[in-house]
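Engineer: Dropping a structure here in structure tokens format, bear with me for questions.
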Amino acid sequence: MDFPRKVAVAALSASALALTAACGSGATGSGGDVTIGLAVSTLNNPYFVELKQGAEEAAAELGVKLTVVDAQNDATNQVNQVQTFATQGLKAIIINPVDSKQATPAAKAAENAGIPLVAVDRSVDEGKVVSEVASDNVQGGSLAAIELGRATSGEVVHLQGIPGASASRDRGRGFEQGLNSGGIKVVASQPADFDRAKGLDVMTNLLQANASIKGVFADNDEMALGAIKALGDKAGTQVQVVGFDGTPDGLKAVEDGTMTATIAQQPKVLGRKAVEQAVKAAKGEAVQQVVDVEVKVVTKKNLAEFKK
Amino acid sequence: MAELLRATGVTKRFTGALALDGVDFDVRSGEVHVLLGENGAGKSTLVKVLAGVHRPDSGEVVLADGVRLAVIYQELTLVPELSVAENLFLGRPPRRFGVVDQARMRRDAVALLDRVGLAVDPRTKLKHLGIAQQQMVEIARALDQDAGVLVLDEPTAVLTDTETDRLLEIMAELRDQGVGLVFITHHLDEIRRIADRSTVLRDGRSVGVLPRGASVEEMIELMVGRSISEQYPRHRQDPGEVLLKIDGLTRNGVFQDVSIEVRAGEVVGVAGLVGAGRTEVVRAAFGADRYDSGHVEVGGKRLAGGDVQAAVRAGLGLVPEDRKGQGLVLTSSVGENLGLVTLGSATRFGVVDRGGQREKAAGMASALRVKTSGLGQEVRELSGGNQQKVVIGKWLLADPKVLVLDEPTRGVDVGAKVEIYELVNRMTAAGRAVLLVSSDLPEVIGMSDRIVVMAHGRVAGELPAVGTTQDQVMALAVQEIPA
Amino acid sequence: MTTSINARKVLSDNGALGGLLVLVVALSVLAPSFLSTQNLLNVGVQAAVVAVLAFGSTFVIVSGGIDLSVGSVAALSAMVGAWSSTEAGLPGPLALLLGLATGVVAGLVNGALVSYGRLPAFIATLAMLSVARGLTLVVSQGTPLATPDVVSELGSNLTPFLPVPLLVMLVFFGLTAFVLTRTYQGRAMYVIGGNEEAARLSGIDVRKQKLVIYALSGLFAAVAGMLLAGRLASAGPQAAVGYELDAIAAVVIGGASLSGGVGRASGTLIGALVLAVLRNGLNQLQVSPFWQQVVIGVVIALAVLLDTLRRRSTR
């Protein structure tokens, strides 16, 4: 009676294993005896996919093996993943923290195993990090405010990311700091969770309450693109929209003139530099403690530099 | 005898329907006062008013000074995983320095259990006790809280005959100790054995108080409001062709080689002890459960095993033993429940003919005299007998060749029972057939044409119904069959 | 006289409607721009995606199951639609059909796991939640894809006062009400949810019905996914994350019972509107982002609590 069931279970687990193996080989770079781990916060976002691609390119060039894991934006998950890395005899670990504050146990795990840790894109609040590769979110926020103040004046709204997330905090803080320089005034700040659909809904609602809005700053391009949808013809003409990240869709909107500017981070460069630092640390060479990757204001004028 | 409780002119309404209408009721010290009535007559509502669960719309309930009232419901309120002693002192164990005083709890428990004549170790887990013993624990718990009035709501429904005898003895002892008992039961013979007085409720009204020694006929007449000439009004006729043939049906370890034939116009009774495999056989024949060998034919056509739809299409119907668990959709209305089986045949191009379904349901509800405020009433609000009529009604609407009734009158009151028997007669008169599984021996003998007796998963023998005694059936039911 | 009785009957039949009216009245007073025609149309449009998801979930919940995968299936269906047109070059309408078929297939897999595999619905659809989201990422390679024109049309306006998402929502509302009240499948959902064993013993093919129920849920999720993608003219890999919980909340606010057998299309529509009105109002009132989730949670609990109390009082 039980036999077919056992066979089924066995077949299932075998196929699951095969699947895992197939996926695993996809995520792993080629060759070399030096293996580096990269713990990404999420691959559910084009920005981090690019970061991963940059890292993979650098690893291939430098001839090291790169193992990538995705925490799916779950900080606990990420701690587990780094702890697993620490037991696998990796030569260096790159962490792209889900949350700066919650990455401390992960840093501890690497430190205890004596493996050098490189932080990329976001910092690790407490714990030993040999190198921090990041673009400055606060500075980016300030640049956005300055650019928006240059393009328009009057009432503007701020579309925030997930409440409490570090990118929301830093970009928002920078944006407020940059406000002094122009003639713009924030009349509403509402969260749209970094999500395009929510950006559309929230912007639509804010327009109802504030018909005279002249500008929008969104904490990322996705929300900015949603806001542009909500604004329709007004986007780029009566209302200036500034986004953040410089994703392909964001750059296209800048090209079309619906988005005034976006603050381009260079995720590929971030990934690349992080791998370079990690390889140095793995080989015992000197590393740069802070690597600043420039954020740049992208407008129609300098767009060509960023289009790939 | 001191009066412990008096209710005067109690009236209670639920969403328009009058549940109790000016009922007077009293309990004296040292008596057993029976509360008698059909399902839906208002007994449960009255008990809840007495216990303070419901507040009466008018009228009042007065308890004598210092008298407490406890109700033992059919569903016990004990914790199976705790010991007998812990259950007895649930929520108020004897404590010393804030710690439960185990030794004292056990001593007190033994004394209490002694009052209800239960000789078990108080450390036994409750779940290891039989249902009758658990009931005694519940009664003992009520006594410890110095209940002056003890209400027992159908306690014997779940008990065997010996257990019932024991309960009645305990009740008599408690009466002698001065406790006032209110006793609800459907078994009229128990009333004749223990009642000092019986108040009869009908349609929410108190229609009379019978003294000790009232006859069963008197009780029924007051309850039903008319005299019932015959308890088992079976009209027998000459059987026709074979409609249902169960041939050598076997499910390993459950039933073996069971063969039963049912002919048009016939009622075949299936008797046997609990666990003899009767329900299992009819469920398997209907396709509700699997079987290992043998086969089933309806109207000459062989049925695929384990396929309820095929059985229904061929003209077989089953009124299951567990009415609420398997027969009714309690969240749905009376009308929808009546239309369950005919839902498919009333569908054209995926759309249900709702008007037609409603019309047929309304016709059936009035033909069966289902007591309801309308087809839209939720079926859960009906009394047990009326619920059973709905389950039978849904099958009658589909007009099956053979209807299997599994314990159709369990928990059903006298009046509704006779109405269900009349339905059986109507089916056989129309050339259909009925397979009647029942543990109620007088019913099987009274309503069947032939009786198949099962024991240990096998057919132990077959008897003609006319002229057979209960003893003859029992003799077959308890016989040992070599495996 | 008769109108007041009718109004009372409608209100007592639909507890959530009372809650919705209270919300609307309160917001009209607090936010002057709330009651404008344009804003009310906006609310309708914003409710559409969750409403269509929730209509599909109503079938599942009425039949005593649960479908946690609808958000992921919506995203996957939209992504398959966008991919087949943008990357594979299929004509738009064909891509749309392919996307809808994806939803149906995902639903059928759910249904097969639940009815033939005897998995608890919670587990089967939880697995699908993960699988469908993962496949969305595989198909999209993590980046948003543009949708074909026929899908983008779903996000546009037919006339200035008739946004397509609103129209789609109303059409699917009518469809859901029709299925639930008039069709064999719909009536079977109530029977199965009310008492699965009674349904089986009454000759209803419970397993086949469940397959149909989950397939319907998958199809509705796919439609919702197309609506969402249409509004943005792009299908995102992270679209509709967490929408399954909004859908379930809408169904429950609408008076359905998670234990099955009870629920109505009108209730679900009201539930979805309650959520949309609330989010719209919170934006207009500029409630602090940290408090918004608290308010939404409290309103969900209150709405269901009110409904429960109302039922108990009429017992």
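Within each chain, counting starts at residue 1; across the structure tokens, chains are named A, B, ... in the order shown, with ligands numbered 1 upward in that order.
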Enumerate the residues of range 101-161 of chain A with a DSSP assignment of strand (DSSP E or B), computed from the backbone, and present them as a list in words.
Structural biologist: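 Of range 101-161 of chain A, the ones in strand (DSSP E or B) are Leu117, Val118, Ala119, Val120, Ser131, Glu132, Val133, Ala134, Gly154, Glu155, Val156, Val157, His158, Leu159 and Gln160 of chain A.
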Engineer: Report as an MDAnalysis selection string: the residues of range 270-465 of chain B with a DSSP assignment of alpha helix (DSSP H), based on the backbone of this structure.
Structural biologist: chainID B and resid 278:286 308:314 334:338 354:367 384:398 414:429 441:447
Engineer: Skip Ala261 in chain A itself and residues of its chain fewer than 5 positions away, then list as a ChimeraX atom specification all residues within 6 Å of it, counting only C-alpha atoms.
Structural biologist: /A:242,298-299
Engineer: Write to file, as a short mmCIF file (atom, residue, chain, number, x, y, z; two decimals), in the first residue's frame, the residues of the selection just made, with C-alpha atoms.
Structural biologist:
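What ended up in again-v2.cif:
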data_model
loop_
_atom_site.label_atom_id
_atom_site.label_comp_id
_atom_site.auth_asym_id
_atom_site.auth_seq_id
_atom_site.Cartn_x
_atom_site.Cartn_y
_atom_site.Cartn_z
CA VAL A 242 12.54 63.99 -9.63
CA VAL A 298 20.86 62.78 -14.48
CA THR A 299 19.01 65.23 -16.67
#
Engineer: List the spatial neighbours of Arg141 in chain B as a list in words - criterion: any atom at most 8 Å away, only C-alpha atoms, same-chain residues fewer than 3 positions off excluded.
Structural biologist: Asn87, Leu88, Phe89, Leu112, Val137, Glu138, Asp144 and Gln145 of chain B
Engineer: Env of range 4-16 of chain B: 9 Å cut, atoms = only C-alpha atoms, seq-sep filter 5 positions within chain, self excluded. Answer as an NGL selection string.
Structural biologist: (:B and (21-29 or 45-46 or 49-50 or 54-65 or 67 or 69 or 148-149 or 180 or 204)) or (:C and (314-315))
Engineer: Suppose we keep C-alpha atoms; can you now write the selection as a short mmCIF file (atom, residue, chain, number, x, y, z; two decimals), in the first residue's frame?
Structural biologist:
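Now in part.cif:
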data_model
loop_
_atom_site.label_atom_id
_atom_site.label_comp_id
_atom_site.auth_asym_id
_atom_site.auth_seq_id
_atom_site.Cartn_x
_atom_site.Cartn_y
_atom_site.Cartn_z
CA ASP B 21 -45.74 31.93 26.25
CA GLY B 22 -46.67 32.57 29.88
CA VAL B 23 -45.18 29.39 31.33
CA ASP B 24 -45.55 28.63 35.05
CA PHE B 25 -43.11 26.15 36.53
CA ASP B 26 -41.92 25.29 40.03
CA VAL B 27 -39.55 22.85 41.71
CA ARG B 28 -39.87 21.59 45.28
CA SER B 29 -37.30 20.07 47.50
CA THR B 45 -35.46 27.78 26.21
CA LEU B 46 -37.20 27.31 29.57
CA VAL B 49 -34.38 31.10 31.33
CA LEU B 50 -34.29 29.20 34.63
CA HIS B 54 -31.80 34.13 28.74
CA ARG B 55 -33.70 36.97 30.39
CA PRO B 56 -37.48 36.53 30.02
CA ASP B 57 -39.37 39.26 28.15
CA SER B 58 -42.01 39.13 30.86
CA GLY B 59 -42.71 37.01 33.92
CA GLU B 60 -40.17 36.17 36.61
CA VAL B 61 -38.03 33.40 38.02
CA VAL B 62 -37.50 33.33 41.79
CA LEU B 63 -35.04 31.03 43.56
CA ALA B 64 -35.53 30.44 47.28
CA ASP B 65 -32.92 32.03 49.54
CA VAL B 67 -30.58 27.91 46.63
CA LEU B 69 -29.32 25.92 40.31
CA GLY B 148 -30.38 22.88 45.46
CA VAL B 149 -31.92 22.47 42.03
CA GLY B 180 -35.02 19.28 43.56
CA GLY B 204 -44.10 27.30 24.08
CA THR C 314 -30.45 39.41 15.34
CA ARG C 315 -30.09 35.84 16.55
#
Engineer: Which residues, written as a PyMOL selection string, have at least one atom at most 10 Å from Gln286 in chain C, with only C-alpha atoms counted and residues fewer than 4 positions away on the same chain left out?
Structural biologist: (chain A and resi 187-191+206+209) or (chain C and resi 31+280-282+292)
Engineer: Could you dump the residues just selected with C-alpha atoms as a PDB file, in the first residue's frame?
Structural biologist:
ATOM      1  CA  VAL A 187       3.031  70.375   1.431  1.00  0.00           C
ATOM      2  CA  ALA A 188       2.642  66.632   1.761  1.00  0.00           C
ATOM      3  CA  SER A 189       4.814  63.615   2.548  1.00  0.00           C
ATOM      4  CA  GLN A 190       3.150  60.231   2.115  1.00  0.00           C
ATOM      5  CA  PRO A 191       4.498  56.680   1.854  1.00  0.00           C
ATOM      6  CA  LEU A 206      -2.590  63.881  -3.193  1.00  0.00           C
ATOM      7  CA  ALA A 209      -6.216  67.443  -1.977  1.00  0.00           C
TER       8      ALA A 209
ATOM      9  CA  ALA C  31     -11.274  66.353   3.769  1.00  0.00           C
ATOM     10  CA  ASN C 280      -7.417  57.514  -0.226  1.00  0.00           C
ATOM     11  CA  GLY C 281      -8.644  59.368   2.847  1.00  0.00           C
ATOM     12  CA  LEU C 282      -5.450  58.754   4.815  1.00  0.00           C
ATOM     13  CA  GLN C 292      -1.477  54.622   8.534  1.00  0.00           C
TER      14      GLN C 292
END
Engineer: Residues near Ala74 in chain C, anyone? I mean within 12 Å using only C-alpha atoms, not counting same-chain ones fewer than 4 positions away, as a count of residues only.
Structural biologist: 51
Engineer: Define the interface residues of chain C facing chain A as those within 6 Å, counting only C-alpha atoms, and report them as a list in words.
Structural biologist: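 Result, ordered by chain then number: Ser33, Gly142, Thr143, Gln238, Asn280, Gln284 and Pro289 of chain C.
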Engineer: Go through chain C residue by residue and, counting only C-alpha atoms, keep those with an atom at most 12 Å from chain B; for each kept residue give the shortest atom pair and its distance in Å to one decimal, ordered by chain and increasing number, as CSV.
Structural biologist:
residue,atom,partner,partner_atom,distance
C:Val62,CA,B:Thr331,CA,10.8
C:Ser63,CA,B:Thr331,CA,11.6
C:Gly64,CA,B:Thr331,CA,11.6
C:Phe178,CA,B:Val351,CA,9.0
C:Val179,CA,B:Val351,CA,8.4
C:Leu180,CA,B:Val351,CA,10.3
C:Thr181,CA,B:Val352,CA,8.6
C:Arg182,CA,B:Val352,CA,5.5
C:Thr183,CA,B:Val351,CA,4.2
C:Tyr184,CA,B:Gly350,CA,5.6
C:Gln185,CA,B:Gly350,CA,7.4
C:Gly186,CA,B:Val351,CA,9.3
C:Arg187,CA,B:Leu343,CA,8.1
C:Ala188,CA,B:Leu343,CA,8.4
C:Met189,CA,B:Ser332,CA,11.4
C:Tyr190,CA,B:Ser332,CA,7.7
C:Val191,CA,B:Val329,CA,6.2
C:Ile192,CA,B:Val329,CA,8.4
C:Gly193,CA,B:Val329,CA,8.6
C:Gly194,CA,B:Val329,CA,5.1
C:Asn195,CA,B:Val329,CA,5.2
C:Glu196,CA,B:Gln326,CA,8.1
C:Glu197,CA,B:Gln326,CA,5.3
C:Ala198,CA,B:Gln326,CA,4.4
C:Ala199,CA,B:Leu340,CA,7.8
C:Arg200,CA,B:Val308,CA,7.2
C:Leu201,CA,B:Val308,CA,6.6
C:Ser202,CA,B:Val341,CA,5.2
C:Gly203,CA,B:Gln309,CA,4.6
C:Ile204,CA,B:Gln309,CA,6.8
C:Asp205,CA,B:Gln309,CA,7.0
C:Val206,CA,B:Gln309,CA,10.2
C:Arg207,CA,B:Gln309,CA,11.9
C:Lys208,CA,B:Gln309,CA,11.8
C:Ala256,CA,B:Thr331,CA,11.5
C:Ser257,CA,B:Thr331,CA,10.1
C:Ser259,CA,B:Thr331,CA,10.2
C:Gly260,CA,B:Thr331,CA,8.5
C:Gly261,CA,B:Thr331,CA,5.9
C:Val262,CA,B:Thr331,CA,7.0
C:Gly263,CA,B:Thr331,CA,10.6
C:Arg311,CA,B:Thr15,CA,11.9
C:Arg312,CA,B:Thr15,CA,11.5
C:Ser313,CA,B:Thr15,CA,9.5
C:Thr314,CA,B:Thr15,CA,6.8
C:Arg315,CA,B:Thr15,CA,7.0
Engineer: Give me a file of those residues, with C-alpha atoms, as a PDB file, in the first residue's frame.
Structural biologist:
ATOM      1  CA  VAL C  62     -17.317  30.647   0.458  1.00  0.00           C
ATOM      2  CA  SER C  63     -16.344  27.062  -0.357  1.00  0.00           C
ATOM      3  CA  GLY C  64     -14.360  26.862   2.861  1.00  0.00           C
ATOM      4  CA  PHE C 178     -24.294  35.774 -11.074  1.00  0.00           C
ATOM      5  CA  VAL C 179     -21.971  32.827 -10.497  1.00  0.00           C
ATOM      6  CA  LEU C 180     -22.628  32.762  -6.755  1.00  0.00           C
ATOM      7  CA  THR C 181     -26.400  33.066  -6.843  1.00  0.00           C
ATOM      8  CA  ARG C 182     -27.479  31.565 -10.147  1.00  0.00           C
ATOM      9  CA  THR C 183     -25.087  28.881 -11.288  1.00  0.00           C
ATOM     10  CA  TYR C 184     -24.637  25.296 -10.234  1.00  0.00           C
ATOM     11  CA  GLN C 185     -20.970  26.000  -9.454  1.00  0.00           C
ATOM     12  CA  GLY C 186     -21.924  28.913  -7.227  1.00  0.00           C
ATOM     13  CA  ARG C 187     -24.559  27.050  -5.259  1.00  0.00           C
ATOM     14  CA  ALA C 188     -22.161  24.116  -4.906  1.00  0.00           C
ATOM     15  CA  MET C 189     -19.593  26.512  -3.367  1.00  0.00           C
ATOM     16  CA  TYR C 190     -21.980  27.327  -0.517  1.00  0.00           C
ATOM     17  CA  VAL C 191     -22.816  23.662   0.014  1.00  0.00           C
ATOM     18  CA  ILE C 192     -19.166  22.567   0.030  1.00  0.00           C
ATOM     19  CA  GLY C 193     -18.196  25.405   2.344  1.00  0.00           C
ATOM     20  CA  GLY C 194     -21.142  24.747   4.636  1.00  0.00           C
ATOM     21  CA  ASN C 195     -20.625  21.007   4.927  1.00  0.00           C
ATOM     22  CA  GLU C 196     -18.277  19.202   2.599  1.00  0.00           C
ATOM     23  CA  GLU C 197     -19.415  15.726   3.634  1.00  0.00           C
ATOM     24  CA  ALA C 198     -23.091  16.620   3.138  1.00  0.00           C
ATOM     25  CA  ALA C 199     -22.171  17.959  -0.304  1.00  0.00           C
ATOM     26  CA  ARG C 200     -20.420  14.709  -1.210  1.00  0.00           C
ATOM     27  CA  LEU C 201     -23.266  12.562   0.108  1.00  0.00           C
ATOM     28  CA  SER C 202     -25.751  14.649  -1.888  1.00  0.00           C
ATOM     29  CA  GLY C 203     -24.029  13.662  -5.112  1.00  0.00           C
ATOM     30  CA  ILE C 204     -21.935  16.793  -5.675  1.00  0.00           C
ATOM     31  CA  ASP C 205     -18.534  16.058  -7.226  1.00  0.00           C
ATOM     32  CA  VAL C 206     -16.617  17.974  -4.583  1.00  0.00           C
ATOM     33  CA  ARG C 207     -13.178  17.410  -6.101  1.00  0.00           C
ATOM     34  CA  LYS C 208     -14.181  18.593  -9.540  1.00  0.00           C
ATOM     35  CA  ALA C 256     -17.996  36.225   4.597  1.00  0.00           C
ATOM     36  CA  SER C 257     -16.992  33.574   7.074  1.00  0.00           C
ATOM     37  CA  SER C 259     -15.043  28.772   7.920  1.00  0.00           C
ATOM     38  CA  GLY C 260     -17.045  28.725   4.699  1.00  0.00           C
ATOM     39  CA  GLY C 261     -20.642  28.654   3.539  1.00  0.00           C
ATOM     40  CA  VAL C 262     -21.265  32.385   3.907  1.00  0.00           C
ATOM     41  CA  GLY C 263     -20.367  35.324   1.690  1.00  0.00           C
ATOM     42  CA  ARG C 311     -25.430  39.101  13.588  1.00  0.00           C
ATOM     43  CA  ARG C 312     -25.469  38.146  17.222  1.00  0.00           C
ATOM     44  CA  SER C 313     -28.132  40.743  18.029  1.00  0.00           C
ATOM     45  CA  THR C 314     -30.446  39.411  15.341  1.00  0.00           C
ATOM     46  CA  ARG C 315     -30.085  35.844  16.550  1.00  0.00           C
TER      47      ARG C 315
END
Engineer: One decimal, in Å: what's the spacing between CA of Lys48 in chain B and CA of Ile184 in chain B?
Structural biologist: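 Between these atoms lies a distance of 13.0 Å.
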Engineer: Go through C:Leu108, C:Val73, C:Ala16, C:Leu137 and flag the residue nearest Val299 in chain C, using only C-alpha atoms for the distances.
Structural biologist: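 The answer is C:Ala16, which sits nearest to Val299 in chain C.
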